[in-house]
Amino acid sequence: MSEILNLVRKDFILQRRYIWIIALYVIGFSGLFMNSNLNMLYGLLPGMMLILVVSSDMRQANQQFLVTLPVKRSRLVLSKYVTSILFVLLALATCSIVNMGMSLYHSHSASIDYTMLLASLISVLVLMSIYLPLYYWLGIHGGQYLNVAMMMLVMLGNGAVSGIASEYDFTNMSTWLNSHPVGSIALGVSSLLLIIVISYLISVRIFKGRDL
Amino acid sequence: MNAIEVQGICKSYKNYRLSDVTFQVPKGYITGLIGPNGAGKSTIIKAIMGLVKPDQGSIQVLGHGAEQGEGRYKQEIGYISDESIYYDWLSMEQMKKIIAPFYPAWDETAFQRYMELFELPLRKKIKDCSKGMKMKYAIAIALSHNPALLIMDEPTAGLDPVFRRELLELLAEYILDDQKTILFSTHVTTDLDRIADYVTFLNRGQLIFSDTKDGVLERYVLVKGGKELLDNDVRREFVGVRETGIGFEALSADRGGTVSMFGDSVMYQQPSLEDIMYFTVKEARLRV
């Protein structure tokens, strides 16, 4: 367990260099200087954080460093999933705080767009489950193209997710889910967990066989 | 007792193959892994560190199997790569903060002492360091968790002669505790002439020999003589031959046999590890 904590801590140290970019991005799209654009926050920030966290270890030399640590390869992969989820949650928490602050500033009532929050969380975690096995499979060279592709997917998917989230059918589905809270939460969480676990097992299998 | 046991390792790449390499690194000694560039030294070290998965064979490190997915056995290893493997946008202090928690035996006082000894500024970013500074930093990191086994891949590359000597002294000091072991790969064999107890020689992915340095130096002999002594049968007795304007210089791996063959008609000299490597590699190239 301490190995995972040390690896997560390592990722937090590595992400410090992006803190100003993220802060500027959040301030820029917070709605403080222009009309609040939640899509740019909820849609892009978690995806952006995910890509930053994963790509910080992308260089072959850094992968070698990690493997020379007294940690199993499967733990290295697990820590990447843990850190990715933590950073996605952190990004969404930031979005929610900014969202709440801005609605308080503009309309004097604090509110959070829960539909957007949930849609963003699910879509980014599904994206992570696809992204990480591809990242371990492609390695450094393919990984650079993968990052560009993922960034485009996040930007395009951002519009799609926010579109779906505001669709009439999705609103109906939300209403239906709201009327069956326990079942829908259990179904949603277990499906998402299953996707993440399958993704993790695939990543471990790929990374264990990789020469560095 | 062996610190490392490499048994029948094979690994194939597109243009290169490591073939059935078997050798041991005895505990409490310095073993030099020598060979020209591309001989397979780094591949062997990477396999020991679990960075590369051999196609065949097995590796035991301090009694543990060094499978690619395993990690715990690396707790006892100080690893120095031939290139910087750290996050180069971090300072040396930040990088140390990442590494230290993984090693319960981390000795902060020793780390500070090495940083001072090597004149390394903690706040300097790794990317701004010279190759020599990066190597010194890697050495400071590797020694600071008090490893039982030090594995170094070309550690003296990029170091100035003064620090190279100092490093060799440092390693000699480290090995004084007979529980400590060093595996040291290099193509600068003069470093090993000074400190190695055992030598393992690889060429073109094949093991040439693995023995005590003294045993190797006793077995091999450098012969200098006139051209008239050299015919095809005689040539076959040598590992390699270099003809000059006035005669020949040749390396034999059988000192006793060579002396009884030539008697007093030639001059005998003690070869250095570099001589042994030079003649062996040259001859192998001619045979291809």
# chains A, B, ... in the order shown; residues from 1 in each chain; ligands from 1

call {"tool": "interface_residues", "arguments": {"of": "chain A", "to": "chain B", "cutoff": "12 Å", "atoms": "only C-alpha atoms", "output": "PyMOL selection string"}}
result
chain A and resi 1-18+56-77+204-212

call {"tool": "select_by_dssp", "arguments": {"residues": "range 215-278 of chain B", "states": "alpha helix (DSSP H)", "output": "list in words"}}
result
Gly215, Val216, Leu217, Glu218, Arg219, Asn232, Asp233, Val234, Arg235, Arg236, Glu237, Arg255, Gly256, Gly257, Thr258, Val259, Ser260, Met261, Phe262, Leu273, Glu274, Asp275, Ile276, Met277 and Tyr278 of chain B

call {"tool": "residues_around", "arguments": {"residues": "Met100 in chain A", "least_positions_apart": "4", "cutoff": "8 Å", "atoms": "only C-alpha atoms", "output": "list in words"}}
result
Ser96, Leu104, Ala110, Ser111 and Ile112 of chain A

call {"tool": "closest_residue", "arguments": {"among": "A:Tyr145, A:Tyr42, A:Tyr200, A:Trp20", "to": "Ser55 in chain A", "atoms": "only C-alpha atoms"}}
result
A:Tyr145

call {"tool": "residues_around", "arguments": {"residues": "range 133-135 of chain A", "least_positions_apart": "4", "cutoff": "7 Å", "atoms": "only C-alpha atoms", "output": "MDAnalysis selection string"}}
result
chainID A and resid 139 143 199 202:203

call {"tool": "select_by_dssp", "arguments": {"residues": "range 24-239 of chain B", "states": "strand (DSSP E or B)", "output": "MDAnalysis selection string"}}
result
chainID B and resid 24:26 30:34 56:61 64:65 77:80 91 125 149:153 181:186 198:203 206:212 221:225

call {"tool": "write_last_selection", "arguments": {"atoms": "C-alpha atoms", "output": "mmCIF file, in the first residue's frame"}}
result
data_model
loop_
_atom_site.group_PDB
_atom_site.id
_atom_site.type_symbol
_atom_site.label_atom_id
_atom_site.label_comp_id
_atom_site.auth_asym_id
_atom_site.auth_seq_id
_atom_site.Cartn_x
_atom_site.Cartn_y
_atom_site.Cartn_z
ATOM 1 C CA GLN B 24 27.762 -15.884 -11.854
ATOM 2 C CA VAL B 25 28.570 -12.771 -9.873
ATOM 3 C CA PRO B 26 30.141 -13.917 -6.585
ATOM 4 C CA ILE B 30 33.652 -6.682 -7.883
ATOM 5 C CA THR B 31 32.776 -8.288 -11.188
ATOM 6 C CA GLY B 32 33.464 -6.431 -14.407
ATOM 7 C CA LEU B 33 31.257 -7.039 -17.399
ATOM 8 C CA ILE B 34 33.329 -6.164 -20.435
ATOM 9 C CA GLN B 56 14.897 -18.207 -22.403
ATOM 10 C CA GLY B 57 16.872 -18.781 -19.226
ATOM 11 C CA SER B 58 16.620 -17.582 -15.675
ATOM 12 C CA ILE B 59 18.198 -14.993 -13.394
ATOM 13 C CA GLN B 60 18.544 -15.203 -9.616
ATOM 14 C CA VAL B 61 19.436 -12.044 -7.702
ATOM 15 C CA HIS B 64 15.239 -14.200 -5.600
ATOM 16 C CA GLY B 65 14.006 -14.859 -9.111
ATOM 17 C CA ILE B 77 20.033 -3.137 -5.499
ATOM 18 C CA GLY B 78 21.614 0.214 -6.232
ATOM 19 C CA TYR B 79 21.250 0.687 -9.973
ATOM 20 C CA ILE B 80 23.207 3.155 -12.082
ATOM 21 C CA SER B 91 15.708 19.487 -9.274
ATOM 22 C CA LYS B 125 17.564 20.971 -12.249
ATOM 23 C CA LEU B 149 24.377 -5.143 -4.625
ATOM 24 C CA LEU B 150 25.505 -2.291 -6.836
ATOM 25 C CA ILE B 151 24.786 -2.702 -10.543
ATOM 26 C CA MET B 152 26.395 -0.126 -12.785
ATOM 27 C CA ASP B 153 26.026 0.151 -16.526
ATOM 28 C CA THR B 181 28.812 -6.911 -4.318
ATOM 29 C CA ILE B 182 29.403 -4.846 -7.439
ATOM 30 C CA LEU B 183 28.593 -5.663 -11.057
ATOM 31 C CA PHE B 184 30.230 -3.084 -13.250
ATOM 32 C CA SER B 185 29.816 -2.989 -17.030
ATOM 33 C CA THR B 186 32.313 -1.019 -19.058
ATOM 34 C CA TYR B 198 36.161 -11.228 -11.565
ATOM 35 C CA VAL B 199 35.717 -10.511 -15.249
ATOM 36 C CA THR B 200 32.926 -11.589 -17.567
ATOM 37 C CA PHE B 201 33.580 -10.939 -21.240
ATOM 38 C CA LEU B 202 30.806 -10.777 -23.824
ATOM 39 C CA ASN B 203 31.203 -10.335 -27.544
ATOM 40 C CA GLN B 206 28.084 -14.588 -26.640
ATOM 41 C CA LEU B 207 29.992 -15.289 -23.484
ATOM 42 C CA ILE B 208 33.729 -15.471 -24.143
ATOM 43 C CA PHE B 209 34.752 -16.153 -20.549
ATOM 44 C CA SER B 210 33.757 -15.522 -16.954
ATOM 45 C CA ASP B 211 36.551 -16.034 -14.462
ATOM 46 C CA THR B 212 38.698 -14.351 -11.811
ATOM 47 C CA VAL B 221 49.699 -14.359 -22.947
ATOM 48 C CA LEU B 222 50.768 -11.781 -25.495
ATOM 49 C CA VAL B 223 53.382 -13.072 -27.927
ATOM 50 C CA LYS B 224 55.694 -10.924 -30.069
ATOM 51 C CA GLY B 225 57.875 -12.489 -32.684
#

call {"tool": "atom_distance", "arguments": {"atom1": "CA of Gly28 in chain A", "atom2": "CA of His108 in chain A"}}
result
20.7 Å

call {"tool": "residues_around", "arguments": {"residues": "Thr94 in chain A", "least_positions_apart": "3", "cutoff": "10 Å", "atoms": "only C-alpha atoms", "output": "PDB file with N, CA, C and O atoms, in the first residue's frame"}}
result
ATOM      1  N   ALA A  23      -4.317  26.552 -13.434  1.00  0.00           N
ATOM      2  CA  ALA A  23      -4.943  27.674 -12.727  1.00  0.00           C
ATOM      3  C   ALA A  23      -5.418  28.733 -13.723  1.00  0.00           C
ATOM      4  O   ALA A  23      -6.552  29.234 -13.626  1.00  0.00           O
ATOM      5  N   VAL A  26      -8.484  27.455 -15.582  1.00  0.00           N
ATOM      6  CA  VAL A  26      -9.683  27.477 -14.729  1.00  0.00           C
ATOM      7  C   VAL A  26     -10.199  28.916 -14.586  1.00  0.00           C
ATOM      8  O   VAL A  26     -11.397  29.168 -14.735  1.00  0.00           O
ATOM      9  N   LEU A  41     -15.052  23.829 -18.954  1.00  0.00           N
ATOM     10  CA  LEU A  41     -14.511  23.405 -17.659  1.00  0.00           C
ATOM     11  C   LEU A  41     -14.766  21.918 -17.423  1.00  0.00           C
ATOM     12  O   LEU A  41     -13.843  21.112 -17.384  1.00  0.00           O
ATOM     13  N   TYR A  42     -16.038  21.549 -17.318  1.00  0.00           N
ATOM     14  CA  TYR A  42     -16.396  20.165 -17.017  1.00  0.00           C
ATOM     15  C   TYR A  42     -15.948  19.204 -18.127  1.00  0.00           C
ATOM     16  O   TYR A  42     -15.570  18.073 -17.871  1.00  0.00           O
ATOM     17  N   LEU A  45     -11.368  20.058 -18.651  1.00  0.00           N
ATOM     18  CA  LEU A  45     -10.377  20.027 -17.561  1.00  0.00           C
ATOM     19  C   LEU A  45     -10.061  18.606 -17.058  1.00  0.00           C
ATOM     20  O   LEU A  45      -8.876  18.241 -16.976  1.00  0.00           O
ATOM     21  N   PRO A  46     -11.069  17.768 -16.773  1.00  0.00           N
ATOM     22  CA  PRO A  46     -10.718  16.407 -16.296  1.00  0.00           C
ATOM     23  C   PRO A  46      -9.931  15.615 -17.338  1.00  0.00           C
ATOM     24  O   PRO A  46      -8.965  14.933 -16.991  1.00  0.00           O
ATOM     25  N   VAL A  88      -8.768  13.202 -11.836  1.00  0.00           N
ATOM     26  CA  VAL A  88     -10.067  13.465 -12.470  1.00  0.00           C
ATOM     27  C   VAL A  88     -11.033  13.999 -11.405  1.00  0.00           C
ATOM     28  O   VAL A  88     -11.746  14.985 -11.639  1.00  0.00           O
ATOM     29  N   LEU A  89     -11.024  13.368 -10.236  1.00  0.00           N
ATOM     30  CA  LEU A  89     -11.915  13.822  -9.157  1.00  0.00           C
ATOM     31  C   LEU A  89     -11.539  15.232  -8.696  1.00  0.00           C
ATOM     32  O   LEU A  89     -12.402  16.073  -8.452  1.00  0.00           O
ATOM     33  N   LEU A  90     -10.229  15.457  -8.628  1.00  0.00           N
ATOM     34  CA  LEU A  90      -9.741  16.777  -8.234  1.00  0.00           C
ATOM     35  C   LEU A  90     -10.180  17.836  -9.250  1.00  0.00           C
ATOM     36  O   LEU A  90     -10.607  18.936  -8.873  1.00  0.00           O
ATOM     37  N   ALA A  91     -10.088  17.480 -10.522  1.00  0.00           N
ATOM     38  CA  ALA A  91     -10.497  18.401 -11.594  1.00  0.00           C
ATOM     39  C   ALA A  91     -11.990  18.684 -11.486  1.00  0.00           C
ATOM     40  O   ALA A  91     -12.424  19.843 -11.603  1.00  0.00           O
ATOM     41  N   ILE A  97     -16.443  23.691  -7.592  1.00  0.00           N
ATOM     42  CA  ILE A  97     -16.224  24.860  -6.722  1.00  0.00           C
ATOM     43  C   ILE A  97     -16.319  26.145  -7.538  1.00  0.00           C
ATOM     44  O   ILE A  97     -16.972  27.109  -7.143  1.00  0.00           O
ATOM     45  N   VAL A  98     -15.683  26.113  -8.722  1.00  0.00           N
ATOM     46  CA  VAL A  98     -15.718  27.301  -9.590  1.00  0.00           C
ATOM     47  C   VAL A  98     -17.154  27.562 -10.036  1.00  0.00           C
ATOM     48  O   VAL A  98     -17.637  28.711 -10.018  1.00  0.00           O
ATOM     49  N   ASN A  99     -17.843  26.481 -10.428  1.00  0.00           N
ATOM     50  CA  ASN A  99     -19.231  26.579 -10.865  1.00  0.00           C
ATOM     51  C   ASN A  99     -20.094  27.207  -9.755  1.00  0.00           C
ATOM     52  O   ASN A  99     -20.886  28.131  -9.991  1.00  0.00           O
ATOM     53  N   MET A 100     -19.889  26.735  -8.544  1.00  0.00           N
ATOM     54  CA  MET A 100     -20.667  27.216  -7.411  1.00  0.00           C
ATOM     55  C   MET A 100     -20.328  28.689  -7.117  1.00  0.00           C
ATOM     56  O   MET A 100     -21.221  29.506  -6.924  1.00  0.00           O
TER      57      MET A 100
END

call {"tool": "closest_residue", "arguments": {"among": "B:Phe248, B:Phe262, B:Tyr174, B:Phe238", "to": "Gly28 in chain B", "atoms": "only C-alpha atoms"}}
result
B:Tyr174

call {"tool": "closest_residue", "arguments": {"among": "B:Asp231, B:Asp191, B:Asp82, B:Asp254", "to": "Arg219 in chain B", "atoms": "only C-alpha atoms"}}
result
B:Asp254
